[in-house]
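J.: Structure supplied as data-v8.cif; contents: mmCIF, C-alpha atoms and all ligand atoms.
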```
data_upload
loop_
_atom_site.label_atom_id
_atom_site.label_comp_id
_atom_site.auth_asym_id
_atom_site.auth_seq_id
_atom_site.Cartn_x
_atom_site.Cartn_y
_atom_site.Cartn_z
CA MET A 1 -18.27 4.48 -24.71
CA THR A 2 -19.47 4.96 -21.17
CA LYS A 3 -16.73 4.99 -18.63
CA ARG A 4 -16.73 1.78 -16.66
CA LYS A 5 -14.67 1.28 -13.58
CA MET A 6 -12.91 -2.06 -13.73
CA THR A 7 -12.04 -3.98 -10.65
CA ARG A 8 -8.42 -4.81 -10.01
CA ARG A 9 -9.01 -8.33 -11.19
CA GLY A 10 -10.90 -7.02 -14.16
CA VAL A 11 -8.03 -4.87 -15.31
CA LEU A 12 -5.65 -7.77 -15.28
CA ALA A 13 -8.03 -10.30 -16.75
CA ALA A 14 -8.74 -7.97 -19.61
CA GLY A 15 -5.11 -8.42 -20.51
CA ALA A 16 -3.65 -7.45 -23.80
CA THR A 17 -6.91 -6.99 -25.59
CA VAL A 18 -8.41 -4.27 -23.47
CA GLY A 19 -6.04 -1.57 -24.63
CA ALA A 20 -6.77 -2.23 -28.25
CA MET A 21 -10.47 -2.28 -27.55
CA LEU A 22 -10.27 0.99 -25.68
CA LEU A 23 -8.17 2.60 -28.34
CA ALA A 24 -10.53 1.46 -31.05
CA ALA A 25 -13.56 2.59 -29.14
CA CYS A 26 -12.10 5.90 -28.05
CA GLY A 27 -10.20 6.95 -31.12
CA GLY A 28 -6.82 6.12 -29.64
CA SER A 29 -5.03 6.36 -32.95
CA GLY A 30 -6.30 9.87 -33.62
CA GLU A 31 -4.57 13.17 -33.14
CA PRO A 32 -3.59 14.08 -29.59
CA GLU A 33 -5.65 16.69 -27.82
CA SER A 34 -3.96 20.02 -28.01
CA ASP A 35 -4.19 20.87 -24.33
CA GLU A 36 -2.59 17.63 -23.20
CA THR A 37 0.00 17.12 -25.84
CA GLY A 38 3.66 17.60 -26.30
CA ALA A 39 6.85 16.89 -24.47
CA GLU A 40 7.43 20.33 -23.08
CA ALA A 41 10.65 19.48 -21.33
CA PRO A 42 13.82 20.62 -23.12
CA VAL A 43 16.33 18.11 -24.39
CA GLU A 44 19.42 17.92 -22.22
CA GLU A 45 22.24 15.45 -21.84
CA ASP A 46 22.05 15.77 -18.05
CA ALA A 47 18.78 13.86 -18.13
CA ILE A 48 20.52 10.52 -18.33
CA THR A 49 22.06 8.44 -15.59
CA GLU A 50 25.19 6.48 -16.30
CA THR A 51 25.10 2.95 -14.94
CA PRO A 52 28.30 1.20 -13.88
CA ALA A 53 28.56 -2.17 -15.57
CA ALA A 54 28.59 -5.35 -13.55
CA GLU A 55 32.26 -6.02 -12.86
CA GLU A 56 32.22 -9.70 -13.63
CA GLU A 57 30.32 -9.31 -16.88
CA PRO A 58 31.60 -6.34 -18.84
CA GLY A 59 29.37 -7.08 -21.84
CA ALA A 60 28.87 -3.96 -23.89
CA ALA A 61 30.05 -1.77 -21.04
CA GLY A 62 31.64 1.51 -21.92
CA THR A 63 30.26 1.76 -25.41
CA GLY A 64 27.97 4.54 -24.25
CA LYS A 65 25.68 3.64 -27.09
CA ILE A 66 22.89 1.89 -25.27
CA LEU A 67 20.08 3.69 -23.51
CA VAL A 68 17.49 2.13 -21.23
CA ALA A 69 14.51 4.49 -21.09
CA TYR A 70 11.56 3.57 -18.93
CA TYR A 71 8.53 4.64 -17.02
CA SER A 72 7.72 2.89 -13.75
CA ARG A 73 5.35 3.64 -10.91
CA ALA A 74 5.87 2.77 -7.27
CA ASP A 75 3.15 3.01 -4.58
CA GLU A 76 0.10 0.75 -4.35
CA ASN A 77 -0.09 -1.99 -6.95
CA TYR A 78 -2.20 -5.04 -7.65
CA ALA A 79 -0.64 -8.41 -6.94
CA ASP A 80 -2.14 -11.88 -6.96
CA GLY A 81 -5.55 -11.00 -5.63
CA GLY A 82 -4.39 -8.41 -3.13
CA THR A 83 -2.27 -5.33 -3.22
CA GLU A 84 1.40 -4.66 -2.72
CA TRP A 85 3.18 -1.46 -1.79
CA LEU A 86 6.19 -0.76 -3.96
CA GLU A 87 9.02 1.48 -2.86
CA VAL A 88 10.57 0.95 -6.28
CA GLY A 89 8.47 0.11 -9.31
CA HIS A 90 8.82 -3.28 -10.96
CA THR A 91 9.83 -1.89 -14.33
CA LYS A 92 12.50 0.26 -12.72
CA VAL A 93 13.98 -2.87 -11.19
CA MET A 94 14.00 -4.58 -14.58
CA ALA A 95 15.52 -1.51 -16.23
CA GLY A 96 18.30 -1.62 -13.68
CA TYR A 97 19.09 -5.23 -14.52
CA ILE A 98 19.41 -4.39 -18.21
CA ALA A 99 21.42 -1.23 -17.70
CA GLU A 100 23.85 -2.80 -15.29
CA ALA A 101 24.39 -5.83 -17.48
CA LEU A 102 25.10 -3.77 -20.57
CA GLY A 103 26.73 -0.71 -19.06
CA ALA A 104 23.89 1.27 -20.55
CA ASP A 105 22.74 4.72 -19.61
CA GLN A 106 19.33 5.09 -18.02
CA TYR A 107 16.58 7.62 -18.46
CA GLU A 108 13.53 7.52 -16.21
CA ILE A 109 10.38 9.17 -17.50
CA VAL A 110 9.08 11.26 -14.63
CA PRO A 111 5.53 12.61 -14.89
CA ALA A 112 5.07 16.31 -14.24
CA GLU A 113 1.87 15.38 -12.45
CA ALA A 114 2.38 12.29 -10.33
CA TYR A 115 -0.06 9.46 -10.81
CA PRO A 116 -2.24 8.64 -7.77
CA GLU A 117 -0.65 6.49 -5.10
CA GLY A 118 -3.77 4.35 -4.84
CA TYR A 119 -4.13 1.56 -7.36
CA ASP A 120 -7.79 2.09 -8.21
CA ASP A 121 -7.37 5.84 -8.54
CA CYS A 122 -4.41 5.31 -10.83
CA CYS A 123 -6.46 2.91 -12.95
CA ASP A 124 -9.06 5.62 -13.38
CA VAL A 125 -6.52 8.22 -14.44
CA ALA A 126 -4.78 5.81 -16.79
CA LEU A 127 -8.04 4.88 -18.47
CA GLU A 128 -9.02 8.50 -18.87
CA GLU A 129 -5.67 9.25 -20.47
CA GLN A 130 -6.11 6.40 -22.91
CA ARG A 131 -9.58 7.53 -23.84
CA ASN A 132 -8.36 11.07 -24.42
CA ASP A 133 -5.25 9.94 -26.30
CA ALA A 134 -3.45 12.19 -23.86
CA ARG A 135 0.23 13.04 -23.86
CA PRO A 136 1.00 13.70 -20.19
CA THR A 137 3.85 16.12 -19.64
CA ILE A 138 7.25 14.77 -18.67
CA ALA A 139 8.87 16.67 -15.81
CA ASN A 140 12.52 15.96 -16.47
CA PRO A 141 14.45 17.00 -19.55
CA LEU A 142 14.31 14.57 -22.41
CA PRO A 143 17.59 12.83 -23.19
CA ASP A 144 19.72 13.57 -26.23
CA VAL A 145 19.41 10.20 -27.98
CA SER A 146 21.63 11.06 -30.92
CA GLY A 147 24.56 9.08 -29.54
CA TYR A 148 22.65 5.85 -28.95
CA ASP A 149 22.29 3.03 -31.42
CA LEU A 150 20.25 0.72 -29.22
CA VAL A 151 17.38 2.01 -27.11
CA PHE A 152 15.44 -0.20 -24.70
CA ILE A 153 12.01 1.22 -23.88
CA GLY A 154 10.32 -0.18 -20.81
CA CYS A 155 7.04 0.32 -19.01
CA PRO A 156 4.30 -1.40 -17.05
CA ILE A 157 1.26 -2.56 -18.95
CA TRP A 158 -1.65 -0.26 -18.27
CA TRP A 159 -4.99 -1.38 -19.68
CA GLY A 160 -3.22 -3.56 -22.19
CA ASP A 161 -0.97 -0.80 -23.49
CA GLU A 162 1.91 1.42 -22.47
CA PRO A 163 1.05 4.33 -20.17
CA MET A 164 0.33 7.35 -22.34
CA ILE A 165 3.33 9.20 -20.95
CA VAL A 166 5.50 6.70 -22.80
CA ARG A 167 3.99 8.03 -25.99
CA THR A 168 4.97 11.53 -24.90
CA PHE A 169 8.52 10.25 -24.63
CA VAL A 170 8.56 8.36 -27.91
CA GLU A 171 7.18 11.33 -29.80
CA GLY A 172 9.50 13.75 -28.03
CA VAL A 173 12.82 12.21 -29.04
CA ASP A 174 14.18 11.31 -32.45
CA LEU A 175 14.34 7.53 -32.58
CA ALA A 176 14.45 7.22 -36.36
CA GLY A 177 17.09 4.75 -37.44
CA LYS A 178 17.64 3.39 -33.94
CA THR A 179 17.27 -0.20 -32.87
CA ILE A 180 14.49 -0.33 -30.30
CA VAL A 181 13.76 -3.11 -27.82
CA PRO A 182 10.53 -2.99 -25.80
CA PHE A 183 10.31 -4.48 -22.33
CA THR A 184 7.47 -4.59 -19.86
CA THR A 185 6.41 -5.75 -16.47
CA HIS A 186 2.80 -6.75 -16.13
CA GLY A 187 0.09 -8.59 -14.24
CA GLY A 188 -0.68 -11.12 -16.95
CA SER A 189 -0.69 -9.27 -20.27
CA GLY A 190 2.92 -9.87 -21.22
CA LEU A 191 4.08 -7.26 -23.69
CA GLY A 192 0.48 -6.32 -24.43
CA SER A 193 0.18 -3.99 -27.39
CA VAL A 194 3.42 -2.21 -26.61
CA PRO A 195 5.60 -3.55 -29.46
CA ALA A 196 2.93 -2.85 -32.06
CA ASN A 197 2.24 0.60 -30.65
CA LEU A 198 5.91 1.54 -30.60
CA GLN A 199 6.40 0.30 -34.13
CA ALA A 200 3.49 2.39 -35.27
CA ALA A 201 4.95 5.43 -33.52
CA VAL A 202 8.47 4.95 -34.90
CA PRO A 203 8.04 3.19 -38.24
CA ASP A 204 11.57 3.96 -39.38
CA ALA A 205 13.29 2.24 -36.47
CA ARG A 206 14.43 -1.37 -36.34
CA PHE A 207 12.72 -3.43 -33.65
CA LEU A 208 14.04 -6.46 -31.83
CA ASP A 209 11.83 -8.87 -29.91
CA GLY A 210 10.83 -7.53 -26.55
CA TYR A 211 10.76 -9.20 -23.18
CA ALA A 212 8.11 -9.24 -20.48
CA VAL A 213 8.34 -10.20 -16.83
CA ALA A 214 5.43 -10.48 -14.44
CA GLY A 215 5.79 -7.64 -11.97
CA THR A 216 5.55 -9.90 -8.97
CA ALA A 217 8.34 -12.09 -10.39
CA VAL A 218 10.78 -9.32 -11.17
CA ASP A 219 12.84 -9.69 -8.00
CA GLY A 220 13.75 -13.23 -9.01
CA ALA A 221 14.18 -12.50 -12.70
CA HIS A 222 17.63 -10.93 -12.69
CA ASP A 223 19.47 -13.73 -14.45
CA GLU A 224 16.89 -14.37 -17.14
CA VAL A 225 16.66 -10.67 -17.94
CA VAL A 226 20.43 -10.31 -18.10
CA ASP A 227 20.73 -13.37 -20.35
CA TRP A 228 18.09 -12.00 -22.67
CA ALA A 229 19.54 -8.50 -22.80
CA LYS A 230 23.07 -9.67 -23.45
CA GLY A 231 21.88 -12.02 -26.12
CA LEU A 232 20.37 -9.06 -27.93
CA ALA A 233 23.00 -6.45 -27.38
CA LEU A 234 26.00 -8.61 -28.14
CA ALA A 235 24.59 -10.52 -31.08
C1 LIG A 301 -3.27 1.66 -13.97
C2 LIG A 301 -2.83 0.24 -14.07
C3 LIG A 301 -3.32 -0.55 -15.08
C4 LIG A 301 -2.86 -1.87 -15.24
N1 LIG A 301 -3.32 -2.60 -16.28
C5 LIG A 301 -2.78 -3.84 -16.48
C6 LIG A 301 -3.18 -4.62 -17.62
O1 LIG A 301 -4.01 -4.24 -18.43
N2 LIG A 301 -2.59 -5.83 -17.78
C7 LIG A 301 -1.65 -6.32 -16.91
O2 LIG A 301 -1.14 -7.40 -17.12
N3 LIG A 301 -1.25 -5.60 -15.84
C8 LIG A 301 -1.80 -4.37 -15.61
N4 LIG A 301 -1.39 -3.64 -14.53
C9 LIG A 301 -0.35 -4.21 -13.64
C10 LIG A 301 1.05 -3.64 -13.96
O3 LIG A 301 1.34 -3.73 -15.34
C11 LIG A 301 2.13 -4.40 -13.20
O4 LIG A 301 1.84 -4.47 -11.84
C12 LIG A 301 3.50 -3.79 -13.41
O5 LIG A 301 4.50 -4.70 -13.01
C13 LIG A 301 3.70 -2.49 -12.67
O6 LIG A 301 4.97 -1.99 -13.00
P1 LIG A 301 5.60 -0.71 -12.30
O7 LIG A 301 5.71 -1.02 -10.84
O8 LIG A 301 6.93 -0.55 -12.95
O9 LIG A 301 4.71 0.46 -12.59
C14 LIG A 301 -1.88 -2.37 -14.34
C15 LIG A 301 -1.42 -1.57 -13.29
C16 LIG A 301 -1.88 -0.28 -13.16
C17 LIG A 301 -1.35 0.58 -12.04
#
```
Is it possible to give me this structure as structure tokens?
Ligand SMILES: Cc1cc2nc3c(=O)[nH]c(=O)nc-3n(C[C@H](O)[C@H](O)[C@H](O)COP(=O)(O)O)c2cc1C
T.:
Amino acid sequence: MTKRKMTRRGVLAAGATVGAMLLAACGGSGEPESDETGAEAPVEEDAITETPAAEEEPGAAGTGKILVAYYSRADENYADGGTEWLEVGHTKVMAGYIAEALGADQYEIVPAEAYPEGYDDCCDVALEEQRNDARPTIANPLPDVSGYDLVFIGCPIWWGDEPMIVRTFVEGVDLAGKTIVPFTTHGGSGLGSVPANLQAAVPDARFLDGYAVAGTAVDGAHDEVVDWAKGLALA
């Protein structure tokens, strides 16, 4: 498949289907390339950040058994026909809502090689990684997930899918037997192919329905995200 540079609008309009198309066309379900694979970072407990629970809503606070793991990118982003500059990525904001509401620990996936600040350049890199079924290296130590029962996994939608570095994470930690909840922020694709991809990667985990928030709406989505997360975690 010849590489084709999509416009910003094109990326978003392609929505949830583009990732599957790209994966199908580019052998996305095949074996990772050896020179780009593997979570090389060691597993350490220090990798996680404890989140104080919201005082008025203790929820599942203090159980220490919920982890919110996410990848999120700041910098230039597409938004409603133009661009926006993010000091904090949309998914990171959403992850914070969940973690605070549930008293969950947080783990941010940090790329060893930062993605480009420019939106179009980042789109190019992301597409190349999908085509190569890459496993970009994570810079920070992977968390010890053995003490968590419930693991939220969050990311932006990139070309209909999760960024490939999320696959590095999922394959680098032992999530067998956990309950996993996907969440995304996006520009129109919703959850995209993320739930299906995660289920394929961790077939022996239990999955709960995920939740998606448009990136540009995340600042006003605190209450709906908290309601959703508490409904899951406390059920
Ligand atoms: C490389 C790249 C590819 C994207 N592809 C899609 C897409 O296929 N579908 C979509 O709805 N949004 C797409 N977006 C928009 C992001 O999913 C959305 O802006 C998200 O909220 C960004 O989250 P973040 O700030 O946490 O990284 C893409 C953004 C980037 C940077």
J.: Pick the closest to A:Glu108 from A:Ala126, A:Gly154, A:Val170, A:Glu87: which is it, counting all atoms listed in the file?
T.: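 That would be A:Gly154, the residue with the smallest distance to A:Glu108.
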J.: Step by step, measure atom-to-atom distances between ligand LIG 301 (chain A) and each residue using only C-alpha atoms and all ligand atoms, keep those at most 7 Å, then write them as an NGL selection string.
T.: :A and (11-12 or 14-16 or 18 or 71-74 or 77-79 or 86 or 88-92 or 119 or 122-123 or 126 or 155-161 or 185-190 or 214-216)
J.: Could those residues be written to a file, using C-alpha atoms, as a short mmCIF file (atom, residue, chain, number, x, y, z; two decimals), in the coordinates of the input?
T.:
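Full text of result.cif as output:
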```cif
data_model
loop_
_atom_site.label_atom_id
_atom_site.label_comp_id
_atom_site.auth_asym_id
_atom_site.auth_seq_id
_atom_site.Cartn_x
_atom_site.Cartn_y
_atom_site.Cartn_z
CA VAL A 11 -8.03 -4.87 -15.31
CA LEU A 12 -5.65 -7.77 -15.28
CA ALA A 14 -8.74 -7.97 -19.61
CA GLY A 15 -5.11 -8.42 -20.51
CA ALA A 16 -3.65 -7.45 -23.80
CA VAL A 18 -8.41 -4.27 -23.47
CA TYR A 71 8.53 4.64 -17.02
CA SER A 72 7.72 2.89 -13.75
CA ARG A 73 5.35 3.64 -10.91
CA ALA A 74 5.87 2.77 -7.27
CA ASN A 77 -0.09 -1.99 -6.95
CA TYR A 78 -2.20 -5.04 -7.65
CA ALA A 79 -0.64 -8.41 -6.94
CA LEU A 86 6.19 -0.76 -3.96
CA VAL A 88 10.57 0.95 -6.28
CA GLY A 89 8.47 0.11 -9.31
CA HIS A 90 8.82 -3.28 -10.96
CA THR A 91 9.83 -1.89 -14.33
CA LYS A 92 12.50 0.26 -12.72
CA TYR A 119 -4.13 1.56 -7.36
CA CYS A 122 -4.41 5.31 -10.83
CA CYS A 123 -6.46 2.91 -12.95
CA ALA A 126 -4.78 5.81 -16.79
CA CYS A 155 7.04 0.32 -19.01
CA PRO A 156 4.30 -1.40 -17.05
CA ILE A 157 1.26 -2.56 -18.95
CA TRP A 158 -1.65 -0.26 -18.27
CA TRP A 159 -4.99 -1.38 -19.68
CA GLY A 160 -3.22 -3.56 -22.19
CA ASP A 161 -0.97 -0.80 -23.49
CA THR A 185 6.41 -5.75 -16.47
CA HIS A 186 2.80 -6.75 -16.13
CA GLY A 187 0.09 -8.59 -14.24
CA GLY A 188 -0.68 -11.12 -16.95
CA SER A 189 -0.69 -9.27 -20.27
CA GLY A 190 2.92 -9.87 -21.22
CA ALA A 214 5.43 -10.48 -14.44
CA GLY A 215 5.79 -7.64 -11.97
CA THR A 216 5.55 -9.90 -8.97
#
```
J.: Expressed in Å to a single decimal, how great is the separation between atom CA of A:Pro111 and atom CA of A:Ala200?
T.: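 According to the coordinates, atom CA of A:Pro111 and atom CA of A:Ala200 are separated by 22.9 Å.
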J.: With all atoms listed in the file as the basis for distance, which of A:Pro143, A:Trp85, A:Glu100, A:Ala114 is at the shortest distance from A:Asp223?
T.: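 The shortest atom-to-atom distance to A:Asp223 comes from A:Glu100.
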J.: In terms of the shortest atom-to-atom distance over all atoms listed in the file, which of A:Ala69, A:Leu175, A:Val218, A:Val226 is closest to A:Ser146?
T.: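 Smallest distance to A:Ser146 is found for A:Leu175.
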J.: Give me the residues near A:Asp149 as a ChimeraX atom specification, where near means some atom within 7 Å (using all atoms listed in the file) and where sequence neighbours in that chain fewer than 5 positions away do not count.
T.: /A:65-66,178-179
J.: Which protein, DNA or RNA residues are at most 8 Å from (-0.1, 9.0, -26.7) in the file's coordinates when you count all atoms listed in the file, listed as a VMD selection string?
T.: chain A and resid 28 32 130 133 to 135 164 to 168
J.: Quote the spacing between atom CA of A:His222 and atom CA of A:Leu198 in Å to one decimal place.
T.: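 Atom CA of A:Leu198 lies 24.8 Å from atom CA of A:His222.
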J.: What does the distance between atom CA of A:Glu117 and atom CA of A:Glu84 come to in Å, to one decimal place?
T.: 11.6 Å
J.: Choose the residue, out of A:Phe152, A:Tyr107, A:Phe169, A:Trp228, that has the smallest atom-to-atom separation from A:Pro195; count all atoms listed in the file.
T.: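 Closest to A:Pro195, using all atoms listed in the file: A:Phe152.
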J.: Taking only C-alpha atoms into account, which of A:Val202, A:Ile138, A:Leu191, A:Ile98 comes nearest A:Lys230?
T.: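 Of A:Val202, A:Ile138, A:Leu191, A:Ile98, the one nearest A:Lys230, counting only C-alpha atoms, is A:Ile98.
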J.: Which residue gives the smallest distance to A:Glu171 among A:Leu142, A:Ala196, A:Ala104, A:Leu150, with all atoms listed in the file counted?
T.: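 Ranking A:Leu142, A:Ala196, A:Ala104, A:Leu150 by distance to A:Glu171, first place goes to A:Leu142.
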